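For reference, the structure discussed in these notes is given below.
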Amino acid sequence: MTEETILFHFYAKRALSDLELLNLAANGMKEDKSKVKCLFSGPAGNDLQLSVFSNNDNKVLNIRNYESQKLYMFDILVMRSRVKVDLVYIRHVEEGIKKFLTSIDAFDRMYCMLGPVRRGEALWRYFITADEFLVEFHLDRLVVERQTKYQNVKIFWSEAHGHVLFLDEDVMLAEKDQEPYTRVLLGLETGKPARNCYADKEILILGGGDGGVICELLKQQPRMVTMVEIDSEVVQLCAKYMRGACEDALDTLEGPNKKIIIGDCLDHLHECIQSGKKYDYIINDLTEFMINKEERGWNYDFATDNSQMMEISLKALKPDGCYILRGGSLHFKKFWGRFEEDCRKLGLQFRVYDNFVPGFYEIYRFYEVRFA
């Protein structure tokens, strides 16, 4: 059973009487007034009056009146099995309410959300962007869910985005974001000169379990691409369901010019530093996190508090190499502000690239970092 809530608020020229509120509720529920009952009406706080109505047929309407502002918050709760709540239905309700308020000379202005908020489904569609806007993600069905040793993994199907990977409720990649996300990250945008040349280069990917990055790199004839992903189940699920992003790149762990290591990328970086192994490109497809060097028994001295993953990665980068990473949402100003300051502190050169990523519903920032 799914509950859909239609959200309105309006300003009235004057306070509405109890009878007018009953008539308003009947208009909102598209019912005869005789079928609508008031379940509660009374004060609910300072300057707040609450009224709750029902038609005894799986429709509930509540009105909150902030008296000093003549502001009425107006929510209609409908069980989907009884009524199809769509744009036409909501517009019809909106017009009925506006017409009633106008007829009693009480209408000032009204605002309506032209889509219902859905609750009770197995599929939760609502997410917060970095700038704290609520987004209803276009998801049609859950394809697979797995709780691994490391994280919760979900892959959804979306008509708009293709298959979409979520890790711990955070969107990682949509199949249709290969161009706006992966190719921009790598500097391989279609129709533009390539920013980076990966041919005959040795490349390390940190994370990247969705397979999007390694897929695009293998098309560039690199000497060797090494990908280190900690969660084998993410690789397996993406190989099966995220084919629009990874194609066949995850079908085998090793190939003529690729190696996928299931393990901790920090351990791999440490091994590279100990052995003197250097890469032409290191691509960080992770989220930045603090490194507990005491726990790992390392004696590295970090110059920054926020960019330690970059610091340790640079130790495995060739002098003319490039460190590439996702900088997060353009609205993460604190993050990329600190990151850019850390680059200056370390004497590094960096370039910034911003692009709108449909699957993230916001502008994303990407970095290329080189030794000065």
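FYI, nothing fancy with the structure tokens labels: chains A, B, ... in order, residues from 1 per chain, ligands from 1 as they appear.
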
**OP:** Quick one: pick out all helix (DSSP H, G or I) residues within region 163-289 of chain A from a backbone DSSP run and write them as a VMD selection string.
**Re:** chain A and resid 175 to 186 212 to 218 232 to 241 243 to 246 265 to 275

List every residue of region 252-343 of chain A that has an atom at most 10 Å from any atom of region 113-136 of chain A, giving for each one its closest atom pair and the distance in Å to one decimal, counting only C-alpha atoms, sorted by chain and then by ascending residue number, as a Markdown table.
| residue | atom | partner | partner_atom | distance |
| --- | --- | --- | --- | --- |
| A:Gly328 | CA | A:Ala130 | CA | 8.7 |
| A:Ser329 | CA | A:Ala130 | CA | 6.2 |
| A:Leu330 | CA | A:Ala130 | CA | 8.2 |
| A:His331 | CA | A:Asp131 | CA | 5.6 |
| A:Phe332 | CA | A:Ala130 | CA | 6.5 |
| A:Lys333 | CA | A:Ala130 | CA | 9.8 |

**OP:** May I ask which of the residues A:Gly96, A:Gly327, A:Gly208, A:Pro193 is the closest one to Met172 (chain A), counting only C-alpha atoms?
**Re:**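 Using only C-alpha atoms, the shortest distance to Met172 (chain A) belongs to A:Gly208.
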
Original post:
Where in region 161-196 of chain A does DSSP assign strand (DSSP E or B), given as a list of chain:residue names?
Top reply: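 Result set for region 161-196 of chain A (strand (DSSP E or B)): A:Gly162, A:His163, A:Val164, A:Leu165, A:Phe166, A:Leu167, A:Asp170, A:Val171, A:Met172, A:Leu173, A:Ala174.
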
**OP:** Using only C-alpha atoms, determine which residues lie at most 12 Å from Asp267 (chain A), disregarding the query and same-chain residues fewer than 6 positions distant; provide the list as a PyMOL selection string.
**Re:** chain A and resi 206+228-230+261+273-274+291+293+296-298+309+312-313

Expected file contents, prior selection, N, CA and C atoms, as a JSON list (two decimals), in the first residue's frame:
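Final file, part15.json:
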[["chain", "number", "residue", "atom", "x", "y", "z"],
["A", 206, "LEU", "N", 42.05, 3.83, -8.03],
["A", 206, "LEU", "CA", 41.73, 3.58, -6.63],
["A", 206, "LEU", "C", 40.21, 3.47, -6.51],
["A", 228, "VAL", "N", 42.22, -1.25, -8.05],
["A", 228, "VAL", "CA", 42.18, -1.86, -6.72],
["A", 228, "VAL", "C", 40.86, -1.49, -6.06],
["A", 229, "GLU", "N", 39.99, -2.47, -5.92],
["A", 229, "GLU", "CA", 38.66, -2.29, -5.35],
["A", 229, "GLU", "C", 38.50, -3.26, -4.18],
["A", 230, "ILE", "N", 38.06, -2.74, -3.05],
["A", 230, "ILE", "CA", 38.02, -3.56, -1.83],
["A", 230, "ILE", "C", 36.86, -4.54, -1.80],
["A", 261, "ILE", "N", 42.55, -5.92, -8.80],
["A", 261, "ILE", "CA", 42.95, -6.48, -7.51],
["A", 261, "ILE", "C", 41.82, -6.25, -6.51],
["A", 273, "ILE", "N", 55.06, 2.11, -2.87],
["A", 273, "ILE", "CA", 56.07, 3.01, -2.29],
["A", 273, "ILE", "C", 57.28, 2.21, -1.80],
["A", 274, "GLN", "N", 57.03, 1.07, -1.17],
["A", 274, "GLN", "CA", 58.12, 0.24, -0.67],
["A", 274, "GLN", "C", 58.97, -0.33, -1.80],
["A", 291, "ILE", "N", 43.50, 8.83, 7.01],
["A", 291, "ILE", "CA", 44.30, 7.62, 7.09],
["A", 291, "ILE", "C", 44.86, 7.50, 8.50],
["A", 293, "LYS", "N", 47.52, 6.17, 10.24],
["A", 293, "LYS", "CA", 48.83, 5.57, 9.96],
["A", 293, "LYS", "C", 49.33, 4.73, 11.15],
["A", 296, "ARG", "N", 47.90, 1.29, 10.92],
["A", 296, "ARG", "CA", 48.53, 0.52, 9.85],
["A", 296, "ARG", "C", 50.02, 0.30, 10.08],
["A", 297, "GLY", "N", 50.57, 0.95, 11.09],
["A", 297, "GLY", "CA", 51.99, 0.78, 11.36],
["A", 297, "GLY", "C", 52.89, 1.52, 10.40],
["A", 298, "TRP", "N", 52.40, 2.60, 9.84],
["A", 298, "TRP", "CA", 53.18, 3.39, 8.87],
["A", 298, "TRP", "C", 53.84, 4.56, 9.59],
["A", 309, "MET", "N", 45.01, 10.98, 1.39],
["A", 309, "MET", "CA", 44.97, 10.02, 0.29],
["A", 309, "MET", "C", 45.76, 10.53, -0.90],
["A", 312, "ILE", "N", 49.67, 10.29, -0.09],
["A", 312, "ILE", "CA", 50.26, 8.96, -0.23],
["A", 312, "ILE", "C", 50.24, 8.52, -1.69],
["A", 313, "SER", "N", 49.23, 8.94, -2.45],
["A", 313, "SER", "CA", 49.17, 8.60, -3.87],
["A", 313, "SER", "C", 50.31, 9.24, -4.64]]

Would you mind listing what lies within 12 Å of Arg365 (chain A) as a PDB file with C-alpha atoms, in the first residue's frame, with only C-alpha atoms counted and same-chain residues fewer than 2 positions away left out?
ATOM      1  CA  PRO A 180      29.035  13.554 -18.255  1.00  0.00           C
ATOM      2  CA  TYR A 181      30.847  11.879 -15.354  1.00  0.00           C
ATOM      3  CA  THR A 182      33.453   9.277 -16.337  1.00  0.00           C
ATOM      4  CA  VAL A 184      34.848  14.281 -18.057  1.00  0.00           C
ATOM      5  CA  LEU A 185      36.772  12.886 -15.080  1.00  0.00           C
ATOM      6  CA  ILE A 324      42.962  12.690 -11.098  1.00  0.00           C
ATOM      7  CA  LEU A 325      40.068  12.724  -8.669  1.00  0.00           C
ATOM      8  CA  ARG A 326      36.403  13.485  -8.211  1.00  0.00           C
ATOM      9  CA  GLY A 327      36.118  16.617  -6.122  1.00  0.00           C
ATOM     10  CA  GLY A 328      32.464  16.171  -5.280  1.00  0.00           C
ATOM     11  CA  SER A 329      29.528  18.495  -5.709  1.00  0.00           C
ATOM     12  CA  LEU A 330      30.180  22.099  -6.631  1.00  0.00           C
ATOM     13  CA  HIS A 331      28.301  22.943  -3.432  1.00  0.00           C
ATOM     14  CA  PHE A 332      30.916  21.153  -1.280  1.00  0.00           C
ATOM     15  CA  LYS A 333      32.742  24.453  -1.015  1.00  0.00           C
ATOM     16  CA  PHE A 335      35.824  20.347   0.801  1.00  0.00           C
ATOM     17  CA  TRP A 336      37.240  21.688  -2.412  1.00  0.00           C
ATOM     18  CA  GLY A 337      38.297  24.927  -0.724  1.00  0.00           C
ATOM     19  CA  PHE A 339      41.627  20.629  -1.074  1.00  0.00           C
ATOM     20  CA  GLU A 340      42.822  23.520  -3.228  1.00  0.00           C
ATOM     21  CA  ARG A 351      43.176  22.285 -12.867  1.00  0.00           C
ATOM     22  CA  VAL A 352      39.450  22.276 -12.226  1.00  0.00           C
ATOM     23  CA  TYR A 353      36.654  20.978 -14.448  1.00  0.00           C
ATOM     24  CA  ASP A 354      32.959  21.337 -13.589  1.00  0.00           C
ATOM     25  CA  ASN A 355      30.140  19.488 -15.292  1.00  0.00           C
ATOM     26  CA  PHE A 356      26.478  18.742 -14.649  1.00  0.00           C
ATOM     27  CA  VAL A 357      25.948  15.041 -13.961  1.00  0.00           C
ATOM     28  CA  PHE A 360      23.683  13.281  -9.332  1.00  0.00           C
ATOM     29  CA  GLU A 362      23.891  18.641  -9.659  1.00  0.00           C
ATOM     30  CA  ILE A 363      27.141  20.083 -10.936  1.00  0.00           C
ATOM     31  CA  TYR A 367      40.538  17.806 -10.491  1.00  0.00           C
ATOM     32  CA  GLU A 368      43.766  17.075 -12.297  1.00  0.00           C
TER      33      GLU A 368
END

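By chain and then residue number, the residues within 7 Å of region 37-51 of chain A are A:Ser54, A:Asn55, A:Asn62, A:Ile63, A:Arg64, A:Asn65, A:Tyr66, A:Glu67, A:Ser68, counting only C-alpha atoms and disregarding those fewer than 3 positions away in sequence.
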
**OP:** Within 12 Å of region 315-319 of chain A, counting only C-alpha atoms, which residues show up once you throw out same-chain ones fewer than 2 positions away? Write them as a VMD selection string, please.
**Re:** chain A and resid 201 to 204 265 to 266 268 to 283 300 to 302 308 to 313 321 to 324 348 369 to 372

Subject >> Near-Tyr198 (chain A) list (10 Å; only C-alpha atoms; drop same-chain fewer than 3 positions) as JSON, numbers by chain >> reply: {"A": [186, 194, 195, 201, 202, 203, 217, 218, 219, 220, 221, 222, 223, 224, 225, 280, 281]}
